[in-house]
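Enquirer: Sharing a structure here in structure tokens format.
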There are 2 protein chains.
Amino acid sequence: MVTQDQVSKAISELLVPGVGRSLTDLNLLKSIEVADGKVTVTVANAAIGEGTQDWIRTKIATSVEKIADGLEITTEFVDAKPTDVNQVGKVIAIMSGKGGVGKSLITGLSAVALARQGKSVGILDADITGPSIPKMFGMKTRPISSKSGILPIISHLGIEVMSINLMLENEHDAVIWRGPVISGAIKQFWEEVLWGKLDYLLVDLPPGTADAPLTVMQTLPVNGVIIVSTPQELASMVVRKAVTMAQKLDKPVLGVVENMSYLEIPETGKRMELFGKSRGQEVADAANAPLLATLPLDPKLAALCDAGEVEKYSTPEFDAFSKAFTEIALKSLKSNHG
Amino acid sequence: MVTQDQVSKAISELLVPGVGRSLTDLNLLKSIEVADGKVTVTVANAAIGEGTQDWIRTKIATSVEKIADGLEITTEFVDAKPTDVNQVGKVIAIMSGKGGVGKSLITGLSAVALARQGKSVGILDADITGPSIPKMFGMKTRPISSKSGILPIISHLGIEVMSINLMLENEHDAVIWRGPVISGAIKQFWEEVLWGKLDYLLVDLPPGTADAPLTVMQTLPVNGVIIVSTPQELASMVVRKAVTMAQKLDKPVLGVVENMSYLEIPETGKRMELFGKSRGQEVADAANAPLLATLPLDPKLAALCDAGEVEKYSTPEFDAFSKAFTEIALKSLKSNHG
């Protein structure tokens, strides 16, 4: 007779429409019973609307029939909320007191680095009033939502993304919200999105030290913080405010990334310090954390982001950053789930 | 006998300590009476502490004695709040949905442009969680405050500045505030700071379209908005959210400034488009406003800002921007006070 494992394997090949991950990866598969000539599959219906339930029921029947010919196949749905099934290993917030230092970019690149290592990664775009993650990954699809939750959008590399910009009719629409509403949206992204099983959730914080970063730090189980800065003294001053905030809230600073450290002039190959001498080590010392990388301002990267192709980026500098970041992300953090 | 005008002129040479502007410029001189062998000067005591009152009384006596020998000179103080005496001609908000596009820099340069034209200018730094105006102007002094108000700090060119960073013990301290507290601070900067008579008050908004920009737009009599963008499509998308916000709140967009449009390579003199093709005209068209300037990324300017010497900046590009900006600021706005 067919085994549980065989049924599980057959089901794991189904990718849930709208999110493109399996029931197993989304942690929706509750149980498989094989007994008395019957196969019973129980699925949590978190963030799964009725149409998708029908699809899942049909697909499970077709896939299992092939290996368990003649058995009666039943799929049962049990009520669940995303918070019942989400299993997020480590939450890392990407922070910077100052805007425009490339915090979203570093979030995107960090996710790419982890995904290339085979890790399952999500990005929660907490920059509610200036969201730039979807654009960078070329995402235009509206997320599917039902009364039991919202499905994230998935990138080419399999990175799950949730951002307010995915929810707007028009990407130029302004989100004119007061602090408490913004905090509410971030909580919703954490509690009502079906993240499923993730090794890492990266949170792209808005600049500053006001509501949104505060809400993330206080609501989500943030395991560590990455600080992004640029060489300009003015920027590093404001960035150090973010360091102070992380320290006050008892969140370990995992590392500092200095962005836009220099520009390589194409014609001459010379490095030009656009914003003055590097201050990354200084900021890292103040944060009592390692300087993970000093990245150049790279016009090719800006172009890739505009084209929605950040996942294609590959340079020696990025590889060095990837290595330093994934090492720290893998080693220095204890997972929330064992 | 001495005339009112002569007394007024003698008094106008006194610069109030801590702010360095005259009683007339601060609009604190309520009346001058010359009658019956007596000179009576009435001064509003908005934001003036007791020590400063004594200073003013003594200085008025000494200055007026010289021209009105033998007359009895009395200075009377009447209770007043900054809102009773402030006379701000035009309020211009500098806005940008995206951080790090150089919004604070454009605010600073706009103030310098107006000050060089002989206008009296103030800057209200509404970027409460990422304030960078004081650094740029090299301001380190703590503002003097009394129970009736706060005195702004004045720059070399005479620009009045109020910023949360002037209030902190340590410039790296983080302001971890929830939205309503931030809104409260901005209202306080408007209502409790003795701006006096100003032709222009420029408001440096934080990035985004949340509490702080919303409070400014709804609390202050904003006459117009300057939008700052950069060529990157990602930035211009977020900036267009700011345009949408200004339009929804019925604030006229006076013009668009594109910053970091290009870099001039020192060795070759060539222009390099760091963030892709200029999109300034596109943003300006969306805002239905003129493109005031496309400014280069200038490492010299970054260095001046770090050194607190933004007021020394002078390049042909800046002069062109100054001309365009002051023209629009002078012509297209009706003053709040006749």
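Ordering of the structure tokens sets the chain letters (A, B, ...), residue numbers begin anew at 1 in every chain, and ligands are numbered from 1 in the order given.
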If the cut-off is 7 Å, can you tell me the residues of chain A near chain B, counting only C-alpha atoms? I'd like them as a PyMOL selection string.
Expert: chain A and resi 97-101+129-130+132+135+172-179+208-211+233-234+237-238+240-242+244-245+274-276+299+302-303+306
Enquirer: Give the strand (DSSP E) residues of region 49-272 of chain A, as assigned by DSSP on the backbone, as a PyMOL selection string.
Expert: chain A and resi 72-78+87-95+121-125+145-146+149-150+153-154+160-162+197-204+222-229+253-258+263-264+271-272
Enquirer: Go through B:Ser120, B:Thr83, B:Gln6, B:Ser104 and flag the residue nearest Ser148 (chain B), using only C-alpha atoms for the distances.
Expert: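 Of the candidates, the smallest distance to Ser148 (chain B) is held by B:Thr83.
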Enquirer: Excluding Phe321 (chain A) and its own-chain neighbours fewer than 3 positions away, which residues fall within 9 Å of it when counting only C-alpha atoms? Please give them as a ChimeraX atom specification.
Expert: /A:110,113,257,292-295,316-318,324-326
Enquirer: Convert the current residue selection to file output with N, CA and C atoms, as a compact mmCIF listing (two decimals), in the first residue's frame.
Expert:
# COMPACT_ATOMS: atom_id res chain seq x y z
N SER A 110 21.05 41.48 0.26
CA SER A 110 21.21 40.48 1.33
C SER A 110 20.29 39.29 1.08
N ALA A 113 21.77 37.26 -1.64
CA ALA A 113 22.92 36.50 -1.13
C ALA A 113 22.46 35.24 -0.41
N VAL A 257 27.29 48.07 6.97
CA VAL A 257 27.66 48.09 5.56
C VAL A 257 27.80 49.54 5.16
N LEU A 292 30.99 44.93 7.57
CA LEU A 292 30.81 43.79 6.66
C LEU A 292 31.32 44.08 5.26
N ALA A 293 31.18 45.32 4.81
CA ALA A 293 31.63 45.64 3.46
C ALA A 293 31.64 47.14 3.25
N THR A 294 32.51 47.58 2.34
CA THR A 294 32.41 48.95 1.82
C THR A 294 32.13 48.78 0.34
N LEU A 295 30.91 49.10 -0.05
CA LEU A 295 30.48 48.86 -1.43
C LEU A 295 30.58 50.13 -2.26
N PRO A 316 32.69 41.23 -7.98
CA PRO A 316 33.55 40.74 -6.90
C PRO A 316 33.22 41.39 -5.56
N GLU A 317 32.88 42.70 -5.58
CA GLU A 317 32.57 43.41 -4.33
C GLU A 317 31.31 42.82 -3.70
N PHE A 318 30.31 42.52 -4.57
CA PHE A 318 29.07 41.96 -4.05
C PHE A 318 29.32 40.56 -3.50
N ALA A 324 30.54 37.73 3.61
CA ALA A 324 30.59 38.28 4.98
C ALA A 324 29.20 38.27 5.61
N PHE A 325 28.20 38.67 4.83
CA PHE A 325 26.85 38.77 5.39
C PHE A 325 26.27 37.39 5.72
N THR A 326 26.38 36.44 4.78
CA THR A 326 25.77 35.13 5.05
C THR A 326 26.49 34.45 6.22
Enquirer: Report the residues of region 17-97 of chain B whose backbone DSSP state falls under helix (DSSP H, G or I), written as a PyMOL selection string.
Expert: chain B and resi 50-67+82-85
Enquirer: Could you work out how far CA of Thr219 (chain A) lies from CA of Gly149 (chain A), giving the answer in Å with one decimal?
Expert: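 Computing it gives 18.3 Å between the two atoms.
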Enquirer: For each of A:Leu194, A:Ala320, A:Leu124, A:Val16, take the minimum atom-to-atom distance to Ile92 (chain A), counting only C-alpha atoms, then give the residue where this is smallest.
Expert: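 Answer, going by the shortest atom-to-atom distance: A:Leu124.
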Enquirer: For each of B:Arg116, B:Lys251, B:Lys331, B:Lys140, take the minimum atom-to-atom distance to Asp319 (chain B), counting only C-alpha atoms, then give the residue where this is smallest.
Expert: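 Looking only at the distances to Asp319 (chain B), the closest residue turns out to be B:Arg116.
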Enquirer: Excluding Ala44 (chain B) and residues on its chain fewer than 4 positions from it, collect all residues at most 9 Å away from it, counting only C-alpha atoms, and give them as number ranges by chain.
Expert: B: 27-30, 48, 76-81, 84-85
Enquirer: Tell me which of A:Lys147, A:Leu202, A:Lys334, A:Leu23 sits closest to Lys9 (chain A), counting only C-alpha atoms.
Expert: A:Leu23
Enquirer: To one decimal place in Å, what is the distance between CA of Leu201 (chain A) and CA of Ala126 (chain A)?
Expert: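 Separation between CA of Leu201 (chain A) and CA of Ala126 (chain A): 11.8 Å.
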Enquirer: Neighbouring residues of Val193 (chain A) were defined as those with any atom within 10 Å, considering only C-alpha atoms; residues of the same chain fewer than 6 positions away were excluded. Please report them as number ranges by chain.
Expert: A: 46-47, 81-83, 86, 124, 143, 145, 148-152, 161-162, 187
Enquirer: Show me, as a PyMOL selection string, the residues that have an atom within 10 Å of Ala10 (chain B) when counting only C-alpha atoms, minus same-chain residues fewer than 2 positions from it.
Expert: chain B and resi 4-8+12-14+60+62-67
Enquirer: Report the distance between CA of Gly18 (chain A) and CA of Trp195 (chain A) in Å, rounded to one decimal place.
Expert: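 One can read the CA of Gly18 (chain A) to CA of Trp195 (chain A) distance as 12.8 Å.
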